[in-house]
file final_17.txt (compact mmCIF, C-alpha atoms)
# COMPACT_ATOMS: atom_id res chain seq x y z
CA MET C 1 0.00 0.00 0.00
CA THR C 2 1.47 3.32 -1.04
CA ALA C 3 1.73 6.41 1.11
CA THR C 4 -1.08 8.01 -0.91
CA ALA C 5 -3.38 5.08 -0.17
CA VAL C 6 -2.56 5.22 3.55
CA GLY C 7 -3.28 8.94 3.52
CA PHE C 8 -6.52 8.35 1.65
CA TYR C 9 -7.84 5.83 4.16
CA LEU C 10 -6.75 7.90 7.17
CA LEU C 11 -8.26 11.12 5.80
CA SER C 12 -11.46 9.33 4.76
CA ALA C 13 -11.85 7.92 8.26
CA VAL C 14 -11.30 11.36 9.80
CA ALA C 15 -13.75 12.98 7.36
CA VAL C 16 -16.51 10.45 7.93
CA ALA C 17 -16.03 10.43 11.72
CA ALA C 18 -16.16 14.22 11.86
CA ALA C 19 -19.22 14.21 9.59
CA VAL C 20 -20.96 11.85 12.00
CA MET C 21 -20.07 14.24 14.81
CA LEU C 22 -21.43 17.14 12.74
CA VAL C 23 -24.87 15.59 12.31
CA ALA C 24 -25.10 13.89 15.70
CA SER C 25 -23.66 16.34 18.21
CA ARG C 26 -26.11 18.01 20.56
CA ASN C 27 -23.95 21.08 20.89
CA VAL C 28 -23.93 23.34 17.85
CA TRP C 29 -20.38 24.48 18.63
CA HIS C 30 -19.22 20.91 18.23
CA ALA C 31 -20.98 20.81 14.86
CA VAL C 32 -19.08 23.91 13.69
CA LEU C 33 -15.80 22.41 14.85
CA ALA C 34 -16.67 19.17 13.07
CA LEU C 35 -17.29 21.07 9.83
CA ALA C 36 -13.81 22.57 10.10
CA VAL C 37 -12.32 19.09 10.61
CA VAL C 38 -14.30 17.65 7.67
CA SER C 39 -13.14 20.51 5.45
CA LEU C 40 -9.50 19.97 6.38
CA ALA C 41 -9.81 16.23 5.80
CA VAL C 42 -11.47 16.73 2.40
CA ALA C 43 -8.73 19.23 1.50
CA GLY C 44 -6.26 16.49 2.36
CA LEU C 45 -8.17 14.08 0.14
CA MET C 46 -7.90 16.63 -2.66
CA LEU C 47 -4.15 16.72 -2.10
CA THR C 48 -4.06 12.94 -2.66
CA VAL C 49 -5.49 13.50 -6.15
CA SER C 50 -2.90 16.27 -6.68
CA ALA C 51 -5.43 19.09 -6.72
CA GLU C 52 -3.32 21.42 -4.58
CA PHE C 53 -4.94 24.66 -5.68
CA LEU C 54 -8.43 23.38 -4.91
CA ALA C 55 -7.31 22.07 -1.54
CA PHE C 56 -6.04 25.49 -0.53
CA VAL C 57 -9.14 27.23 -1.90
CA LEU C 58 -11.26 24.80 0.11
CA VAL C 59 -9.40 25.51 3.35
CA LEU C 60 -9.59 29.24 2.66
CA VAL C 61 -13.31 29.30 1.90
CA TYR C 62 -14.62 26.65 4.29
CA VAL C 63 -12.39 26.98 7.34
CA GLY C 64 -11.65 30.64 6.76
CA ALA C 65 -15.04 31.96 5.75
CA VAL C 66 -17.93 29.55 6.23
CA VAL C 67 -16.91 28.34 9.68
CA VAL C 68 -16.21 31.88 10.86
CA LEU C 69 -19.58 33.02 9.47
CA ALA C 70 -21.30 30.16 11.30
CA VAL C 71 -19.54 31.08 14.54
CA PHE C 72 -20.76 34.67 14.16
CA ALA C 73 -24.28 33.45 13.43
CA ILE C 74 -24.31 31.30 16.56
CA LEU C 75 -22.97 34.15 18.67
CA LEU C 76 -25.58 36.54 17.26
CA THR C 77 -28.41 34.11 17.94
CA GLY C 78 -27.84 34.31 21.66
CA ASN C 79 -27.24 31.51 24.09
CA PHE C 80 -29.41 29.16 22.16
CA GLY C 81 -26.50 27.06 20.99
CA ARG C 82 -25.15 26.49 24.44
CA SER C 83 -28.18 24.73 25.80
CA ALA C 84 -28.19 21.00 25.16
CA LEU C 85 -31.14 20.96 22.83
CA PRO C 86 -32.40 17.72 21.36
CA SER C 87 -30.42 17.56 18.16
CA SER C 88 -32.99 15.51 16.33
CA ASN C 89 -36.70 15.30 15.84
CA GLU C 90 -39.22 12.53 15.28
CA LEU C 91 -37.91 12.03 11.76
CA THR C 92 -34.62 10.57 12.96
CA VAL C 93 -35.39 6.94 12.15
CA LEU C 94 -36.89 7.69 8.75
CA ALA C 95 -34.07 10.09 7.90
CA GLY C 96 -31.50 7.51 8.93
CA LEU C 97 -33.14 4.84 6.80
CA THR C 98 -33.39 7.16 3.80
CA SER C 99 -29.79 8.32 4.02
CA LEU C 100 -28.55 4.78 4.62
CA ALA C 101 -30.52 3.40 1.68
CA LEU C 102 -29.28 6.15 -0.64
CA THR C 103 -25.67 5.74 0.42
CA ALA C 104 -25.84 1.96 0.25
CA LEU C 105 -27.38 2.15 -3.22
CA VAL C 106 -24.74 4.52 -4.57
CA ALA C 107 -21.86 2.70 -2.92
CA GLY C 108 -23.22 -0.67 -4.03
CA VAL C 109 -23.48 0.42 -7.64
CA LEU C 110 -20.01 1.94 -7.51
CA LEU C 111 -18.39 -1.10 -5.95
CA SER C 112 -20.18 -3.65 -8.10
CA ARG C 113 -18.84 -2.33 -11.38
CA PRO C 114 -15.25 -3.02 -12.33
CA ALA C 115 -12.84 -0.24 -11.51
CA ALA C 116 -12.65 1.60 -14.79
CA THR C 117 -9.78 3.89 -13.97
CA ALA C 118 -7.02 2.47 -11.86
CA ALA C 119 -4.36 5.13 -12.09
CA ALA C 120 -4.63 8.82 -11.42
CA ALA C 121 -4.40 10.37 -14.84
CA GLY C 122 -4.48 14.10 -14.50
CA GLN C 123 -2.28 16.58 -12.71
CA PHE C 124 -3.32 20.09 -13.56
CA THR C 125 -1.50 23.33 -13.03
CA VAL C 126 -3.12 26.53 -11.87
CA ARG C 127 -2.30 27.93 -15.29
CA GLN C 128 -4.47 25.26 -16.94
CA LEU C 129 -7.33 26.02 -14.56
CA GLY C 130 -7.03 29.73 -15.23
CA GLU C 131 -7.02 29.22 -18.98
CA LEU C 132 -10.14 27.05 -18.70
CA LEU C 133 -11.87 29.59 -16.45
CA LEU C 134 -11.21 32.50 -18.78
CA GLY C 135 -11.56 30.44 -21.96
CA PRO C 136 -14.40 27.93 -22.42
CA PHE C 137 -15.90 28.63 -18.99
CA VAL C 138 -15.80 32.40 -19.03
CA LEU C 139 -19.59 32.79 -19.09
CA PRO C 140 -20.24 30.58 -16.03
CA PHE C 141 -17.28 32.26 -14.35
CA GLU C 142 -18.77 35.71 -14.80
CA LEU C 143 -22.22 34.45 -13.80
CA VAL C 144 -20.90 32.92 -10.60
CA SER C 145 -19.06 36.11 -9.71
CA VAL C 146 -22.27 38.10 -10.16
CA LEU C 147 -24.05 35.49 -8.02
CA LEU C 148 -21.44 35.81 -5.29
CA LEU C 149 -21.65 39.60 -5.33
CA ALA C 150 -25.45 39.54 -5.22
CA ALA C 151 -25.42 36.99 -2.42
CA LEU C 152 -22.99 38.97 -0.31
CA ILE C 153 -24.87 42.26 -0.79
CA GLY C 154 -28.10 40.41 -0.04
CA ALA C 155 -26.61 38.90 3.09
CA ILE C 156 -25.57 42.32 4.35
CA VAL C 157 -29.01 43.81 3.61
CA ILE C 158 -30.87 40.89 5.22
CA ALA C 159 -28.69 40.71 8.30
CA ARG C 160 -28.65 44.45 8.89
CA GLY C 161 -32.40 44.73 9.23
CA GLN C 162 -34.43 47.92 9.21
CA GLU C 163 -32.83 51.11 10.36
CA ASP C 164 -35.58 53.45 11.36
CA MET I 1 -7.96 -2.70 -1.18
CA GLY I 2 -5.37 -2.42 -3.94
CA ALA I 3 -4.59 0.77 -5.77
CA LEU I 4 -6.83 3.75 -5.32
CA SER I 5 -9.46 4.19 -7.98
CA LEU I 6 -12.10 6.76 -8.71
CA GLU I 7 -14.65 4.56 -6.96
CA HIS I 8 -12.84 4.92 -3.63
CA TYR I 9 -13.33 8.66 -3.71
CA LEU I 10 -16.90 8.38 -4.92
CA VAL I 11 -17.78 6.05 -2.03
CA VAL I 12 -16.30 8.44 0.54
CA SER I 13 -18.15 11.27 -1.15
CA SER I 14 -21.45 9.37 -1.06
CA LEU I 15 -20.92 8.64 2.65
CA LEU I 16 -20.43 12.36 3.33
CA PHE I 17 -23.49 13.15 1.19
CA GLY I 18 -25.64 10.63 3.06
CA LEU I 19 -24.56 12.04 6.42
CA GLY I 20 -25.28 15.55 5.20
CA LEU I 21 -28.74 14.50 4.01
CA PHE I 22 -29.41 12.94 7.41
CA GLY I 23 -28.33 16.17 9.08
CA VAL I 24 -30.51 18.33 6.85
CA ILE I 25 -33.58 16.28 7.76
CA THR I 26 -32.96 15.89 11.48
CA ARG I 27 -31.18 19.02 12.72
CA ARG I 28 -33.39 21.48 14.54
CA HIS I 29 -30.91 24.28 15.03
CA ALA I 30 -30.96 26.46 11.91
CA VAL I 31 -27.19 26.99 11.89
CA ALA I 32 -26.55 23.27 12.29
CA LEU I 33 -28.86 22.60 9.34
CA LEU I 34 -26.87 25.04 7.19
CA LEU I 35 -23.67 23.28 8.24
CA SER I 36 -25.17 20.01 7.01
CA VAL I 37 -25.89 21.64 3.65
CA GLU I 38 -22.25 22.71 3.55
CA LEU I 39 -21.29 19.09 4.15
CA ILE I 40 -23.30 18.06 1.08
CA MET I 41 -21.57 20.74 -1.00
CA LEU I 42 -18.23 19.49 0.27
CA ALA I 43 -19.05 15.97 -0.88
CA VAL I 44 -19.94 17.29 -4.34
CA ALA I 45 -16.70 19.26 -4.58
CA LEU I 46 -14.71 16.16 -3.66
CA ASN I 47 -16.61 14.20 -6.30
CA PHE I 48 -15.76 16.69 -9.04
CA THR I 49 -12.11 16.91 -8.00
CA ALA I 50 -11.61 13.15 -7.95
CA ALA I 51 -13.35 12.81 -11.31
CA ALA I 52 -11.10 15.50 -12.78
CA CYS I 53 -8.02 13.63 -11.65
CA PHE I 54 -9.02 10.11 -12.64
CA LEU I 55 -10.74 10.97 -15.91
CA GLY I 56 -7.94 13.31 -16.90
CA HIS I 57 -9.92 16.46 -17.59
CA ALA I 58 -9.33 19.72 -15.75
CA ALA I 59 -12.94 20.84 -16.22
CA GLY I 60 -13.87 18.86 -13.10
CA GLN I 61 -11.67 21.11 -11.00
CA VAL I 62 -13.31 24.18 -12.56
CA PHE I 63 -16.71 22.79 -11.59
CA ALA I 64 -15.42 22.20 -8.06
CA ILE I 65 -14.42 25.87 -7.88
CA PHE I 66 -17.95 26.82 -8.93
CA VAL I 67 -19.43 24.50 -6.29
CA ILE I 68 -17.25 26.03 -3.58
CA THR I 69 -18.29 29.52 -4.70
CA VAL I 70 -21.98 28.65 -4.59
CA ALA I 71 -21.49 27.05 -1.18
CA ALA I 72 -19.94 30.26 0.13
CA ALA I 73 -22.79 32.35 -1.27
CA GLU I 74 -25.35 29.98 0.21
CA ALA I 75 -23.67 30.10 3.61
CA ALA I 76 -23.63 33.90 3.62
CA VAL I 77 -27.29 34.30 2.66
CA GLY I 78 -28.46 31.41 4.85
CA LEU I 79 -26.74 32.64 7.97
CA ALA I 80 -27.99 36.17 7.32
CA VAL I 81 -31.54 34.81 7.09
CA VAL I 82 -31.02 32.92 10.37
CA ILE I 83 -29.91 36.14 12.04
CA ALA I 84 -32.87 38.05 10.60
CA ILE I 85 -35.32 35.37 11.77
CA TYR I 86 -33.74 35.33 15.19
CA ARG I 87 -34.16 39.10 15.42
CA THR I 88 -37.92 38.88 14.91
CA GLN I 89 -38.69 35.52 16.52
CA GLN I 90 -36.00 35.29 19.23
CA ASP I 91 -35.55 31.67 18.24
CA ALA I 92 -33.47 29.51 15.93
CA ASP I 93 -35.21 26.18 16.54
CA LEU I 94 -36.72 25.18 13.21
CA ASP I 95 -39.48 23.13 14.81
CA ARG I 96 -40.80 26.20 16.63
CA LEU I 97 -40.62 28.58 13.67
CA THR I 98 -44.21 28.13 12.53
CA VAL I 99 -45.23 31.72 11.84
CA LEU I 100 -45.98 31.00 8.18
CA LYS I 101 -47.85 27.80 8.91
CA GLY I 102 -51.29 29.39 8.55

call {"tool": "encode", "arguments": {"input": "final_17.txt", "output": "structure tokens"}}
result
Amino acid sequence: MTATAVGFYLLSAVAVAAAVMLVASRNVWHAVLALAVVSLAVAGLMLTVSAEFLAFVLVLVYVGAVVVLAVFAILLTGNFGRSALPSSNELTVLAGLTSLALTALVAGVLLSRPAATAAAAGQFTVRQLGELLLGPFVLPFELVSVLLLAALIGAIVIARGQED
Amino acid sequence: MGALSLEHYLVVSSLLFGLGLFGVITRRHAVALLLSVELIMLAVALNFTAAACFLGHAAGQVFAIFVITVAAAEAAVGLAVVIAIYRTQQDADLDRLTVLKG
């Protein structure tokens, strides 16, 4: 087993364990921490497929922005997060069955077919990504930047509330 | 075991997606629900990245960048809405937010 494979299995275990903690913890702070751990583990998984740029973008956006935003949101919604609220509702069993069935179905289909691609084929440079973004994908790129701008302005307007 | 293949990554990704789906259905705290949505987006980004590597086309990584961008936008708007709801309702428990129920 190569070092990449060892890293893959370790990081996958960390990611899945932290994801379980994210959905099962009663304390919302633990959920935020778990999201940071999952993001770091997935960034590590991206490193194992030699997507270094994406891994760093992921850490920057998820750990740097989304987790911090979530922490602010919890702080601004008072002490609600600190109380040990029931983290689930009456749908827990049904939700568990649904998620389990979906995951088992997808994983079963994936594992039952012969592995089509054994070796990692592509290692891409940032230059290649940039040329794709500003070449064939320039329209989606501009659209997504407008979306991001609109979303951020909207977030400020919504969160600020009325100023009478 | 053996060498890593695309399927390994897809299975991990589907596990993360299933857990995120479970979280979206069961979480009662609004922020925790949004975090579960982020988990789903994370699984999708991993999917695209692994596909880009194993199928040898950089477009997958471009799609992953788009997914991450949309996830960031969704987090910003979602958390702003949570704050706005909390300001009027003094609550972030989704089971008690029934103002629009009629």

call {"tool": "residues_around", "arguments": {"input": "final_17.txt", "residues": "segment 36-44 of chain I", "least_positions_apart": "4", "cutoff": "9 Å", "atoms": "all atoms listed in the file", "output": "count of residues only"}}
result
38

call {"tool": "closest_atom_pairs", "arguments": {"input": "final_17.txt", "of": "chain C", "to": "chain I", "cutoff": "7 Å", "atoms": "only C-alpha atoms", "output": "tab-separated table"}}
result
residue	atom	partner	partner_atom	distance
C:Ala5	CA	I:Leu4	CA	6.3
C:Ser12	CA	I:Val12	CA	6.5
C:Val16	CA	I:Leu16	CA	6.3
C:Ala19	CA	I:Leu19	CA	6.6
C:Val20	CA	I:Leu19	CA	6.6
C:Val23	CA	I:Gly23	CA	4.8
C:Val28	CA	I:Ala32	CA	6.1
C:Ala31	CA	I:Ala32	CA	6.6
C:Leu35	CA	I:Leu35	CA	6.9
C:Val42	CA	I:Leu46	CA	6.9
C:Met46	CA	I:Thr49	CA	6.8
C:Val49	CA	I:Cys53	CA	6.1
C:Val61	CA	I:Ala72	CA	6.9
C:Val66	CA	I:Ala75	CA	6.3
C:Ala70	CA	I:Val31	CA	6.7
C:Ala73	CA	I:Leu79	CA	6.0
C:Ile74	CA	I:Val31	CA	7.0
C:Leu76	CA	I:Ile83	CA	6.8
C:Thr77	CA	I:Tyr86	CA	6.1
C:Ser87	CA	I:Arg27	CA	5.7
C:Ser88	CA	I:Thr26	CA	4.9
C:Asn89	CA	I:Thr26	CA	5.8
C:Leu91	CA	I:Thr26	CA	6.3
C:Thr92	CA	I:Thr26	CA	5.8
C:Ala95	CA	I:Phe22	CA	5.5
C:Gly96	CA	I:Phe22	CA	6.0
C:Ser99	CA	I:Gly18	CA	4.8
C:Leu100	CA	I:Gly18	CA	6.7
C:Leu102	CA	I:Gly18	CA	6.9
C:Thr103	CA	I:Gly18	CA	5.6
C:Val106	CA	I:Ser14	CA	6.8
C:Ala107	CA	I:Val11	CA	5.4
C:Leu110	CA	I:Glu7	CA	6.0
C:Leu111	CA	I:Glu7	CA	6.9
C:Ala115	CA	I:Ser5	CA	6.6
C:Thr117	CA	I:Ser5	CA	6.0
C:Ala118	CA	I:Ser5	CA	4.9
C:Ala119	CA	I:Ser5	CA	6.6
C:Ala120	CA	I:Phe54	CA	4.7
C:Ala121	CA	I:Gly56	CA	5.0
C:Gly122	CA	I:Gly56	CA	4.3
C:Gln123	CA	I:Cys53	CA	6.5
C:Phe124	CA	I:Ala58	CA	6.4
C:Leu129	CA	I:Val62	CA	6.6
C:Leu133	CA	I:Val62	CA	6.8
C:Val144	CA	I:Phe66	CA	7.0
C:Leu148	CA	I:Ala73	CA	5.5
C:Ala151	CA	I:Ala73	CA	5.5
C:Leu152	CA	I:Ala76	CA	6.4
C:Gly154	CA	I:Val77	CA	6.7
C:Ala155	CA	I:Val77	CA	4.7
C:Ile158	CA	I:Ala80	CA	5.9
C:Ala159	CA	I:Ala80	CA	4.7
C:Gly161	CA	I:Ala84	CA	6.8

call {"tool": "write_last_selection", "arguments": {"input": "final_17.txt", "atoms": "C-alpha atoms", "output": "tab-separated table (two decimals), in the coordinates of the input"}}
result
chain	number	residue	atom	x	y	z
C	5	ALA	CA	-3.38	5.08	-0.17
C	12	SER	CA	-11.46	9.33	4.76
C	16	VAL	CA	-16.51	10.45	7.93
C	19	ALA	CA	-19.22	14.21	9.59
C	20	VAL	CA	-20.96	11.85	12.00
C	23	VAL	CA	-24.87	15.59	12.31
C	28	VAL	CA	-23.93	23.34	17.85
C	31	ALA	CA	-20.98	20.81	14.86
C	35	LEU	CA	-17.29	21.07	9.83
C	42	VAL	CA	-11.47	16.73	2.40
C	46	MET	CA	-7.90	16.63	-2.66
C	49	VAL	CA	-5.49	13.50	-6.15
C	61	VAL	CA	-13.31	29.30	1.90
C	66	VAL	CA	-17.93	29.55	6.23
C	70	ALA	CA	-21.30	30.16	11.30
C	73	ALA	CA	-24.28	33.45	13.43
C	74	ILE	CA	-24.31	31.30	16.56
C	76	LEU	CA	-25.58	36.54	17.26
C	77	THR	CA	-28.41	34.11	17.94
C	87	SER	CA	-30.42	17.56	18.16
C	88	SER	CA	-32.99	15.51	16.33
C	89	ASN	CA	-36.70	15.30	15.84
C	91	LEU	CA	-37.91	12.03	11.76
C	92	THR	CA	-34.62	10.57	12.96
C	95	ALA	CA	-34.07	10.09	7.90
C	96	GLY	CA	-31.50	7.51	8.93
C	99	SER	CA	-29.79	8.32	4.02
C	100	LEU	CA	-28.55	4.78	4.62
C	102	LEU	CA	-29.28	6.15	-0.64
C	103	THR	CA	-25.67	5.74	0.42
C	106	VAL	CA	-24.74	4.52	-4.57
C	107	ALA	CA	-21.86	2.70	-2.92
C	110	LEU	CA	-20.01	1.94	-7.51
C	111	LEU	CA	-18.39	-1.10	-5.95
C	115	ALA	CA	-12.84	-0.24	-11.51
C	117	THR	CA	-9.78	3.89	-13.97
C	118	ALA	CA	-7.02	2.47	-11.86
C	119	ALA	CA	-4.36	5.13	-12.09
C	120	ALA	CA	-4.63	8.82	-11.42
C	121	ALA	CA	-4.40	10.37	-14.84
C	122	GLY	CA	-4.48	14.10	-14.50
C	123	GLN	CA	-2.28	16.58	-12.71
C	124	PHE	CA	-3.32	20.09	-13.56
C	129	LEU	CA	-7.33	26.02	-14.56
C	133	LEU	CA	-11.87	29.59	-16.45
C	144	VAL	CA	-20.90	32.92	-10.60
C	148	LEU	CA	-21.44	35.81	-5.29
C	151	ALA	CA	-25.42	36.99	-2.42
C	152	LEU	CA	-22.99	38.97	-0.31
C	154	GLY	CA	-28.10	40.41	-0.04
C	155	ALA	CA	-26.61	38.90	3.09
C	158	ILE	CA	-30.87	40.89	5.22
C	159	ALA	CA	-28.69	40.71	8.30
C	161	GLY	CA	-32.40	44.73	9.23

call {"tool": "atom_distance", "arguments": {"input": "final_17.txt", "atom1": "atom CA of Ser50 of chain C", "atom2": "atom CA of Ala36 of chain C"}}
result
21.0 Å

call {"tool": "atom_distance", "arguments": {"input": "final_17.txt", "atom1": "atom CA of Val93 of chain C", "atom2": "atom CA of Leu97 of chain I"}}
result
22.3 Å

call {"tool": "atom_distance", "arguments": {"input": "final_17.txt", "atom1": "atom CA of Leu134 of chain C", "atom2": "atom CA of Leu47 of chain C"}}
result
24.0 Å

call {"tool": "decode", "arguments": {"input": "final_17.txt", "residues": "segment 45-62 of chain C", "atoms": "N, CA and C atoms", "output": "PDB file, in the first residue's frame"}}
result
ATOM      1  N   LEU C  45      -7.809  15.037   1.194  1.00  0.00           N
ATOM      2  CA  LEU C  45      -8.171  14.080   0.143  1.00  0.00           C
ATOM      3  C   LEU C  45      -7.921  14.674  -1.235  1.00  0.00           C
ATOM      4  N   MET C  46      -8.173  15.989  -1.376  1.00  0.00           N
ATOM      5  CA  MET C  46      -7.905  16.631  -2.662  1.00  0.00           C
ATOM      6  C   MET C  46      -6.404  16.649  -2.943  1.00  0.00           C
ATOM      7  N   LEU C  47      -5.594  16.769  -1.887  1.00  0.00           N
ATOM      8  CA  LEU C  47      -4.148  16.717  -2.101  1.00  0.00           C
ATOM      9  C   LEU C  47      -3.737  15.348  -2.624  1.00  0.00           C
ATOM     10  N   THR C  48      -4.443  14.278  -2.181  1.00  0.00           N
ATOM     11  CA  THR C  48      -4.062  12.945  -2.657  1.00  0.00           C
ATOM     12  C   THR C  48      -4.400  12.741  -4.131  1.00  0.00           C
ATOM     13  N   VAL C  49      -5.290  13.566  -4.700  1.00  0.00           N
ATOM     14  CA  VAL C  49      -5.487  13.497  -6.153  1.00  0.00           C
ATOM     15  C   VAL C  49      -4.781  14.675  -6.829  1.00  0.00           C
ATOM     16  N   SER C  50      -3.757  15.185  -6.186  1.00  0.00           N
ATOM     17  CA  SER C  50      -2.899  16.269  -6.682  1.00  0.00           C
ATOM     18  C   SER C  50      -3.699  17.446  -7.209  1.00  0.00           C
ATOM     19  N   ALA C  51      -4.698  17.866  -6.410  1.00  0.00           N
ATOM     20  CA  ALA C  51      -5.429  19.095  -6.722  1.00  0.00           C
ATOM     21  C   ALA C  51      -5.063  20.119  -5.647  1.00  0.00           C
ATOM     22  N   GLU C  52      -3.809  20.578  -5.677  1.00  0.00           N
ATOM     23  CA  GLU C  52      -3.319  21.415  -4.582  1.00  0.00           C
ATOM     24  C   GLU C  52      -4.066  22.734  -4.510  1.00  0.00           C
ATOM     25  N   PHE C  53      -4.291  23.349  -5.671  1.00  0.00           N
ATOM     26  CA  PHE C  53      -4.940  24.659  -5.679  1.00  0.00           C
ATOM     27  C   PHE C  53      -6.328  24.572  -5.053  1.00  0.00           C
ATOM     28  N   LEU C  54      -7.084  23.536  -5.452  1.00  0.00           N
ATOM     29  CA  LEU C  54      -8.430  23.381  -4.909  1.00  0.00           C
ATOM     30  C   LEU C  54      -8.394  23.121  -3.418  1.00  0.00           C
ATOM     31  N   ALA C  55      -7.411  22.352  -2.965  1.00  0.00           N
ATOM     32  CA  ALA C  55      -7.313  22.071  -1.536  1.00  0.00           C
ATOM     33  C   ALA C  55      -7.135  23.367  -0.749  1.00  0.00           C
ATOM     34  N   PHE C  56      -6.272  24.244  -1.261  1.00  0.00           N
ATOM     35  CA  PHE C  56      -6.042  25.494  -0.527  1.00  0.00           C
ATOM     36  C   PHE C  56      -7.270  26.401  -0.611  1.00  0.00           C
ATOM     37  N   VAL C  57      -7.909  26.431  -1.775  1.00  0.00           N
ATOM     38  CA  VAL C  57      -9.143  27.226  -1.897  1.00  0.00           C
ATOM     39  C   VAL C  57     -10.182  26.711  -0.909  1.00  0.00           C
ATOM     40  N   LEU C  58     -10.273  25.387  -0.793  1.00  0.00           N
ATOM     41  CA  LEU C  58     -11.261  24.796   0.113  1.00  0.00           C
ATOM     42  C   LEU C  58     -10.995  25.210   1.551  1.00  0.00           C
ATOM     43  N   VAL C  59      -9.728  25.118   1.972  1.00  0.00           N
ATOM     44  CA  VAL C  59      -9.397  25.514   3.345  1.00  0.00           C
ATOM     45  C   VAL C  59      -9.727  26.982   3.557  1.00  0.00           C
ATOM     46  N   LEU C  60      -9.362  27.800   2.549  1.00  0.00           N
ATOM     47  CA  LEU C  60      -9.588  29.245   2.663  1.00  0.00           C
ATOM     48  C   LEU C  60     -11.080  29.548   2.809  1.00  0.00           C
ATOM     49  N   VAL C  61     -11.895  28.947   1.936  1.00  0.00           N
ATOM     50  CA  VAL C  61     -13.313  29.299   1.900  1.00  0.00           C
ATOM     51  C   VAL C  61     -14.062  28.642   3.058  1.00  0.00           C
ATOM     52  N   TYR C  62     -13.821  27.350   3.285  1.00  0.00           N
ATOM     53  CA  TYR C  62     -14.620  26.650   4.293  1.00  0.00           C
ATOM     54  C   TYR C  62     -14.156  26.985   5.701  1.00  0.00           C
TER      55      TYR C  62
END
